[in-house]
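Visitor: Take a look at structure11.tsv, TSV, C-alpha atoms:
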```tsv
chain	number	residue	atom	x	y	z
A	1	MET	CA	24.28	35.25	57.31
A	2	LYS	CA	25.79	37.08	54.35
A	3	ALA	CA	29.50	37.65	53.88
A	4	LEU	CA	31.00	40.30	51.63
A	5	ILE	CA	34.62	39.52	50.82
A	6	LYS	CA	37.00	42.00	49.20
A	7	ILE	CA	40.14	40.62	47.57
A	8	THR	CA	42.75	43.10	46.38
A	9	LEU	CA	46.26	42.78	44.98
A	10	LYS	CA	49.03	43.58	47.44
A	11	ASN	CA	50.95	46.79	46.98
A	12	GLY	CA	53.80	46.34	44.56
A	13	VAL	CA	52.11	43.53	42.64
A	14	LEU	CA	51.70	44.54	39.01
A	15	ASP	CA	48.06	44.99	38.00
A	16	PRO	CA	47.74	44.95	34.19
A	17	GLN	CA	43.93	45.04	34.36
A	18	GLY	CA	44.10	48.18	36.46
A	19	LYS	CA	46.55	49.74	34.00
A	20	ALA	CA	44.24	48.90	31.10
A	21	ILE	CA	41.34	50.60	32.87
A	22	GLU	CA	43.53	53.63	33.59
A	23	HIS	CA	44.48	53.98	29.91
A	24	ALA	CA	40.88	53.50	28.80
A	25	LEU	CA	39.65	56.19	31.23
A	26	ASP	CA	42.38	58.49	29.97
A	27	SER	CA	41.34	57.92	26.34
A	28	LEU	CA	37.76	58.74	27.29
A	29	GLY	CA	38.91	62.09	28.61
A	30	PHE	CA	38.95	61.43	32.33
A	31	ASP	CA	42.10	63.26	33.36
A	32	GLY	CA	43.85	63.04	36.67
A	33	VAL	CA	42.97	59.41	37.29
A	34	SER	CA	45.81	57.35	38.72
A	35	ASP	CA	46.59	54.25	40.78
A	36	VAL	CA	43.76	52.19	39.33
A	37	ARG	CA	43.65	48.71	40.89
A	38	GLN	CA	41.13	46.00	40.18
A	39	GLY	CA	40.12	43.47	42.78
A	40	LYS	CA	37.41	40.91	43.35
A	41	LEU	CA	34.25	41.10	45.36
A	42	ILE	CA	32.62	37.88	46.49
A	43	GLU	CA	29.21	37.75	48.14
A	44	LEU	CA	27.91	34.57	49.69
A	45	ASP	CA	25.32	33.24	52.10
A	46	LEU	CA	26.39	30.87	54.81
A	47	ASN	CA	24.78	28.88	57.60
A	48	ALA	CA	26.72	29.48	60.77
A	49	ALA	CA	25.66	29.12	64.38
A	50	ASN	CA	26.88	32.57	65.35
A	51	GLU	CA	29.01	35.45	64.16
A	52	ALA	CA	32.27	34.10	65.58
A	53	ALA	CA	31.76	30.76	63.78
A	54	ALA	CA	30.90	32.59	60.54
A	55	ARG	CA	34.00	34.77	60.84
A	56	GLU	CA	36.22	31.71	61.34
A	57	GLU	CA	34.60	29.90	58.39
A	58	VAL	CA	35.00	32.82	55.98
A	59	GLU	CA	38.61	33.27	57.13
A	60	GLN	CA	39.26	29.62	56.25
A	61	MET	CA	37.55	30.01	52.85
A	62	CYS	CA	39.77	32.99	52.03
A	63	GLN	CA	42.93	31.18	53.13
A	64	LYS	CA	42.15	27.92	51.34
A	65	LEU	CA	40.44	29.00	48.15
A	66	LEU	CA	39.30	32.55	47.57
A	67	ALA	CA	42.51	34.55	47.93
A	68	ASN	CA	46.02	33.82	46.78
A	69	THR	CA	47.72	35.09	49.91
A	70	VAL	CA	51.11	35.35	48.20
A	71	ILE	CA	49.93	38.25	46.07
A	72	GLU	CA	46.51	39.19	47.44
A	73	ASN	CA	45.04	40.73	50.59
A	74	TYR	CA	41.53	40.02	51.71
A	75	SER	CA	39.06	41.55	54.10
A	76	PHE	CA	35.42	40.76	54.73
A	77	GLU	CA	32.37	41.92	56.57
A	78	LEU	CA	29.40	39.94	57.78
A	79	VAL	CA	25.80	41.07	57.47
A	80	SER	CA	23.19	39.09	59.34
B	1	MET	CA	40.55	61.67	46.48
B	2	LYS	CA	40.13	57.90	46.38
B	3	ALA	CA	37.10	56.13	44.95
B	4	LEU	CA	36.11	52.56	45.74
B	5	ILE	CA	33.73	51.19	43.13
B	6	LYS	CA	31.77	47.97	43.55
B	7	ILE	CA	30.34	46.35	40.44
B	8	THR	CA	27.99	43.40	40.87
B	9	LEU	CA	25.84	41.36	38.53
B	10	LYS	CA	22.15	42.18	38.66
B	11	ASN	CA	19.81	39.70	40.26
B	12	GLY	CA	18.72	37.06	37.78
B	13	VAL	CA	21.86	37.32	35.67
B	14	LEU	CA	23.62	33.96	35.56
B	15	ASP	CA	26.98	33.98	37.35
B	16	PRO	CA	29.06	30.97	36.27
B	17	GLN	CA	32.11	32.19	38.19
B	18	GLY	CA	30.05	32.36	41.37
B	19	LYS	CA	28.71	28.86	40.75
B	20	ALA	CA	32.25	27.55	40.23
B	21	ILE	CA	33.32	29.06	43.56
B	22	GLU	CA	30.27	27.56	45.26
B	23	HIS	CA	31.11	24.08	43.96
B	24	ALA	CA	34.76	24.45	44.92
B	25	LEU	CA	33.84	25.53	48.46
B	26	ASP	CA	31.47	22.58	48.70
B	27	SER	CA	34.23	20.16	47.59
B	28	LEU	CA	36.51	21.62	50.25
B	29	GLY	CA	33.94	20.76	52.89
B	30	PHE	CA	32.34	24.15	53.47
B	31	ASP	CA	28.70	23.17	53.83
B	32	GLY	CA	25.75	25.49	53.83
B	33	VAL	CA	27.26	28.01	51.45
B	34	SER	CA	24.83	29.34	48.85
B	35	ASP	CA	24.16	32.27	46.55
B	36	VAL	CA	27.80	32.92	45.73
B	37	ARG	CA	28.17	35.91	43.39
B	38	GLN	CA	31.41	37.37	42.13
B	39	GLY	CA	31.76	41.02	41.32
B	40	LYS	CA	34.50	43.53	40.67
B	41	LEU	CA	36.12	46.04	42.93
B	42	ILE	CA	37.92	49.00	41.38
B	43	GLU	CA	40.01	51.43	43.40
B	44	LEU	CA	41.31	54.63	41.87
B	45	ASP	CA	42.72	58.02	42.73
B	46	LEU	CA	41.26	61.08	41.10
B	47	ASN	CA	41.87	64.80	41.09
B	48	ALA	CA	38.60	66.55	41.64
B	49	ALA	CA	37.87	70.02	42.96
B	50	ASN	CA	35.38	68.82	45.54
B	51	GLU	CA	33.31	65.83	46.55
B	52	ALA	CA	30.34	66.69	44.33
B	53	ALA	CA	32.60	66.93	41.26
B	54	ALA	CA	34.30	63.64	42.17
B	55	ARG	CA	30.94	61.93	42.60
B	56	GLU	CA	29.76	63.15	39.19
B	57	GLU	CA	33.04	62.07	37.54
B	58	VAL	CA	32.97	58.55	39.02
B	59	GLU	CA	29.30	58.21	38.05
B	60	GLN	CA	30.27	59.03	34.44
B	61	MET	CA	33.18	56.56	34.52
B	62	CYS	CA	30.84	53.79	35.68
B	63	GLN	CA	28.22	54.61	33.03
B	64	LYS	CA	30.70	54.95	30.17
B	65	LEU	CA	33.29	52.29	30.88
B	66	LEU	CA	33.45	50.45	34.17
B	67	ALA	CA	30.03	48.85	34.41
B	68	ASN	CA	27.85	47.21	31.80
B	69	THR	CA	24.59	48.67	33.03
B	70	VAL	CA	22.51	46.13	31.11
B	71	ILE	CA	23.62	43.34	33.42
B	72	GLU	CA	25.55	45.04	36.21
B	73	ASN	CA	24.82	47.33	39.14
B	74	TYR	CA	27.40	49.65	40.56
B	75	SER	CA	27.90	51.62	43.72
B	76	PHE	CA	30.84	53.60	44.99
B	77	GLU	CA	32.17	55.47	47.96
B	78	LEU	CA	34.66	58.31	48.10
B	79	VAL	CA	37.46	58.56	50.63
B	80	SER	CA	39.33	61.84	50.81
```
Let me see the structure of the file written as structure tokens.
Guide:
Amino acid sequence: MKALIKITLKNGVLDPQGKAIEHALDSLGFDGVSDVRQGKLIELDLNAANEAAAREEVEQMCQKLLANTVIENYSFELVS
Amino acid sequence: MKALIKITLKNGVLDPQGKAIEHALDSLGFDGVSDVRQGKLIELDLNAANEAAAREEVEQMCQKLLANTVIENYSFELVS
């Protein structure tokens, strides 16, 4: 089973990488671009008995390692 | 209009960050996890006249700045 995990900064947390991208896009002539935020995308394969078990396992991975829940939100989808 | 851009490494391109995550998950006791790949997720707001114009603009942003098309693939979706 494949999991696709999206990790994004919470609203209100400063995102210097996003700001840098915004400025770079502006310099390249892309006007009207705002609110650029950069997050992480993690894809992984896992062996789980069923979808409920997989969901629980990925939830634990996000809580324990993948996301810093103080400043980041996460969401994921499973593809079998 | 909001754009959600996913940038992932092409198959065959070494992903040391993904490997590091895989080892860390293994040390934490998550067995059976494999093929971990880390990519980038970029969210932005843009002013475009219509969806076709927005699609063309985001395509250009990816080609010119956001993705390194030698080693990365990109895909995006628009949310109005």
Visitor: Identify which of the residues B:Leu14, B:Val58, B:Leu25, B:Ile7 lies closest to Asn73 of chain B, counting all atoms listed in the file when measuring atom-to-atom distances.
Guide: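 Once distances to Asn73 of chain B are computed over all atoms listed in the file, the minimum belongs to B:Ile7.
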Visitor: For chain B, list the residues within 9 Å of chain A, counting only C-alpha atoms, and write the list as a VMD selection string.
Guide: chain B and resid 6 to 8 18 21 to 22 24 to 25 28 30 to 48 57 61 64 to 66
Visitor: Give the superposed chain B as an mmCIF file with C-alpha atoms, in the coordinates of the input, the fit being least squares on chain A over all ordered C-alpha pairs.
Guide:
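Written output follows (superposed27.cif):
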```cif
data_model
loop_
_atom_site.group_PDB
_atom_site.id
_atom_site.type_symbol
_atom_site.label_atom_id
_atom_site.label_comp_id
_atom_site.auth_asym_id
_atom_site.auth_seq_id
_atom_site.Cartn_x
_atom_site.Cartn_y
_atom_site.Cartn_z
ATOM 1 C CA MET B 1 24.267 35.238 57.294
ATOM 2 C CA LYS B 2 25.783 37.086 54.348
ATOM 3 C CA ALA B 3 29.499 37.654 53.871
ATOM 4 C CA LEU B 4 31.010 40.311 51.633
ATOM 5 C CA ILE B 5 34.624 39.519 50.816
ATOM 6 C CA LYS B 6 37.010 41.991 49.210
ATOM 7 C CA ILE B 7 40.145 40.624 47.583
ATOM 8 C CA THR B 8 42.770 43.091 46.387
ATOM 9 C CA LEU B 9 46.265 42.774 44.991
ATOM 10 C CA LYS B 10 49.024 43.586 47.447
ATOM 11 C CA ASN B 11 50.950 46.791 46.997
ATOM 12 C CA GLY B 12 53.809 46.331 44.562
ATOM 13 C CA VAL B 13 52.118 43.531 42.644
ATOM 14 C CA LEU B 14 51.707 44.526 39.006
ATOM 15 C CA ASP B 15 48.068 44.996 37.993
ATOM 16 C CA PRO B 16 47.744 44.928 34.193
ATOM 17 C CA GLN B 17 43.944 45.023 34.357
ATOM 18 C CA GLY B 18 44.105 48.180 36.453
ATOM 19 C CA LYS B 19 46.550 49.743 34.001
ATOM 20 C CA ALA B 20 44.245 48.889 31.090
ATOM 21 C CA ILE B 21 41.338 50.598 32.864
ATOM 22 C CA GLU B 22 43.516 53.627 33.588
ATOM 23 C CA HIS B 23 44.465 53.971 29.916
ATOM 24 C CA ALA B 24 40.872 53.502 28.799
ATOM 25 C CA LEU B 25 39.647 56.181 31.220
ATOM 26 C CA ASP B 26 42.378 58.497 29.974
ATOM 27 C CA SER B 27 41.329 57.920 26.332
ATOM 28 C CA LEU B 28 37.748 58.739 27.286
ATOM 29 C CA GLY B 29 38.894 62.096 28.604
ATOM 30 C CA PHE B 30 38.942 61.426 32.337
ATOM 31 C CA ASP B 31 42.086 63.275 33.355
ATOM 32 C CA GLY B 32 43.846 63.040 36.661
ATOM 33 C CA VAL B 33 42.965 59.419 37.294
ATOM 34 C CA SER B 34 45.813 57.356 38.733
ATOM 35 C CA ASP B 35 46.582 54.252 40.757
ATOM 36 C CA VAL B 36 43.753 52.182 39.325
ATOM 37 C CA ARG B 37 43.659 48.707 40.896
ATOM 38 C CA GLN B 38 41.129 46.003 40.185
ATOM 39 C CA GLY B 39 40.135 43.482 42.784
ATOM 40 C CA LYS B 40 37.420 40.928 43.365
ATOM 41 C CA LEU B 41 34.264 41.111 45.374
ATOM 42 C CA ILE B 42 32.620 37.877 46.491
ATOM 43 C CA GLU B 43 29.210 37.760 48.138
ATOM 44 C CA LEU B 44 27.900 34.577 49.695
ATOM 45 C CA ASP B 45 25.317 33.245 52.097
ATOM 46 C CA LEU B 46 26.388 30.866 54.807
ATOM 47 C CA ASN B 47 24.780 28.895 57.589
ATOM 48 C CA ALA B 48 26.717 29.482 60.746
ATOM 49 C CA ALA B 49 25.669 29.127 64.364
ATOM 50 C CA ASN B 50 26.878 32.573 65.345
ATOM 51 C CA GLU B 51 29.010 35.455 64.164
ATOM 52 C CA ALA B 52 32.267 34.092 65.586
ATOM 53 C CA ALA B 53 31.765 30.770 63.769
ATOM 54 C CA ALA B 54 30.903 32.592 60.533
ATOM 55 C CA ARG B 55 33.998 34.765 60.837
ATOM 56 C CA GLU B 56 36.223 31.715 61.345
ATOM 57 C CA GLU B 57 34.597 29.895 58.397
ATOM 58 C CA VAL B 58 35.004 32.824 55.980
ATOM 59 C CA GLU B 59 38.610 33.277 57.129
ATOM 60 C CA GLN B 60 39.262 29.614 56.232
ATOM 61 C CA MET B 61 37.542 29.999 52.845
ATOM 62 C CA CYS B 62 39.762 32.979 52.019
ATOM 63 C CA GLN B 63 42.942 31.177 53.111
ATOM 64 C CA LYS B 64 42.130 27.914 51.338
ATOM 65 C CA LEU B 65 40.435 29.005 48.140
ATOM 66 C CA LEU B 66 39.298 32.557 47.563
ATOM 67 C CA ALA B 67 42.501 34.538 47.928
ATOM 68 C CA ASN B 68 46.029 33.816 46.793
ATOM 69 C CA THR B 69 47.722 35.101 49.915
ATOM 70 C CA VAL B 70 51.109 35.351 48.203
ATOM 71 C CA ILE B 71 49.928 38.265 46.091
ATOM 72 C CA GLU B 72 46.505 39.181 47.449
ATOM 73 C CA ASN B 73 45.050 40.721 50.591
ATOM 74 C CA TYR B 74 41.549 40.016 51.731
ATOM 75 C CA SER B 75 39.059 41.533 54.100
ATOM 76 C CA PHE B 76 35.431 40.760 54.743
ATOM 77 C CA GLU B 77 32.371 41.922 56.580
ATOM 78 C CA LEU B 78 29.393 39.936 57.796
ATOM 79 C CA VAL B 79 25.801 41.074 57.466
ATOM 80 C CA SER B 80 23.189 39.096 59.350
#
```
Visitor: Mind rebuilding segment 60-71 of chain A with all heavy atoms and writing that out as a CSV table (one decimal), keeping the file's coordinate frame?
Guide:
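Result went into part-v4.csv, see below:
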```
chain,number,residue,atom,x,y,z
A,60,GLN,N,38.8,30.9,56.8
A,60,GLN,CA,39.3,29.6,56.2
A,60,GLN,C,39.0,29.6,54.7
A,60,GLN,O,39.9,29.1,54.0
A,60,GLN,CB,38.6,28.4,56.9
A,60,GLN,CG,39.0,28.1,58.3
A,60,GLN,CD,40.5,27.8,58.4
A,60,GLN,OE1,41.0,27.0,57.6
A,60,GLN,NE2,41.2,28.3,59.3
A,61,MET,N,37.9,30.0,54.3
A,61,MET,CA,37.6,30.0,52.8
A,61,MET,C,38.5,30.9,52.1
A,61,MET,O,39.0,30.5,51.0
A,61,MET,CB,36.1,30.6,52.6
A,61,MET,CG,35.0,29.7,53.0
A,61,MET,SD,33.5,30.6,52.7
A,61,MET,CE,32.3,29.7,53.7
A,62,CYS,N,38.8,32.1,52.7
A,62,CYS,CA,39.8,33.0,52.0
A,62,CYS,C,41.2,32.4,52.0
A,62,CYS,O,41.8,32.4,50.9
A,62,CYS,CB,39.8,34.3,52.8
A,62,CYS,SG,38.3,35.3,52.7
A,63,GLN,N,41.6,31.8,53.1
A,63,GLN,CA,42.9,31.2,53.1
A,63,GLN,C,43.1,30.0,52.2
A,63,GLN,O,44.1,29.8,51.5
A,63,GLN,CB,43.2,30.7,54.5
A,63,GLN,CG,43.4,31.8,55.6
A,63,GLN,CD,44.8,32.4,55.6
A,63,GLN,OE1,45.7,31.9,54.9
A,63,GLN,NE2,45.0,33.5,56.2
A,64,LYS,N,42.0,29.2,52.1
A,64,LYS,CA,42.2,27.9,51.3
A,64,LYS,C,41.8,28.1,49.9
A,64,LYS,O,42.3,27.3,49.0
A,64,LYS,CB,41.2,26.9,52.0
A,64,LYS,CG,41.7,26.3,53.3
A,64,LYS,CD,41.0,25.1,53.7
A,64,LYS,CE,41.4,24.7,55.1
A,64,LYS,NZ,40.4,23.8,55.7
A,65,LEU,N,40.9,29.0,49.5
A,65,LEU,CA,40.4,29.0,48.2
A,65,LEU,C,40.4,30.4,47.5
A,65,LEU,O,40.9,30.6,46.4
A,65,LEU,CB,39.1,28.3,48.0
A,65,LEU,CG,38.5,28.3,46.6
A,65,LEU,CD1,39.1,27.3,45.7
A,65,LEU,CD2,37.0,28.1,46.7
A,66,LEU,N,39.7,31.3,48.2
A,66,LEU,CA,39.3,32.6,47.6
A,66,LEU,C,40.5,33.5,47.2
A,66,LEU,O,40.5,34.1,46.2
A,66,LEU,CB,38.2,33.3,48.4
A,66,LEU,CG,37.0,32.4,48.7
A,66,LEU,CD1,36.0,33.2,49.6
A,66,LEU,CD2,36.3,32.0,47.4
A,67,ALA,N,41.4,33.6,48.2
A,67,ALA,CA,42.5,34.6,47.9
A,67,ALA,C,43.8,33.8,47.7
A,67,ALA,O,44.0,32.7,48.3
A,67,ALA,CB,42.6,35.5,49.1
A,68,ASN,N,44.7,34.3,46.9
A,68,ASN,CA,46.0,33.8,46.8
A,68,ASN,C,46.9,34.7,47.7
A,68,ASN,O,47.2,35.8,47.3
A,68,ASN,CB,46.5,33.9,45.3
A,68,ASN,CG,47.9,33.5,45.2
A,68,ASN,OD1,48.6,33.3,46.2
A,68,ASN,ND2,48.4,33.4,43.9
A,69,THR,N,47.1,34.2,48.9
A,69,THR,CA,47.7,35.1,49.9
A,69,THR,C,49.2,35.5,49.6
A,69,THR,O,49.7,36.3,50.3
A,69,THR,CB,47.6,34.5,51.3
A,69,THR,OG1,48.2,33.2,51.2
A,69,THR,CG2,46.2,34.3,51.8
A,70,VAL,N,49.8,34.9,48.6
A,70,VAL,CA,51.1,35.4,48.2
A,70,VAL,C,51.0,36.7,47.6
A,70,VAL,O,51.9,37.6,47.8
A,70,VAL,CB,51.7,34.3,47.2
A,70,VAL,CG1,53.1,34.8,46.7
A,70,VAL,CG2,51.9,33.0,47.8
A,71,ILE,N,50.0,37.0,46.8
A,71,ILE,CA,49.9,38.2,46.1
A,71,ILE,C,48.7,39.1,46.4
A,71,ILE,O,48.5,40.2,46.0
A,71,ILE,CB,50.0,38.1,44.5
A,71,ILE,CG1,48.9,37.1,44.1
A,71,ILE,CG2,51.3,37.6,44.1
A,71,ILE,CD1,48.7,37.1,42.6
```
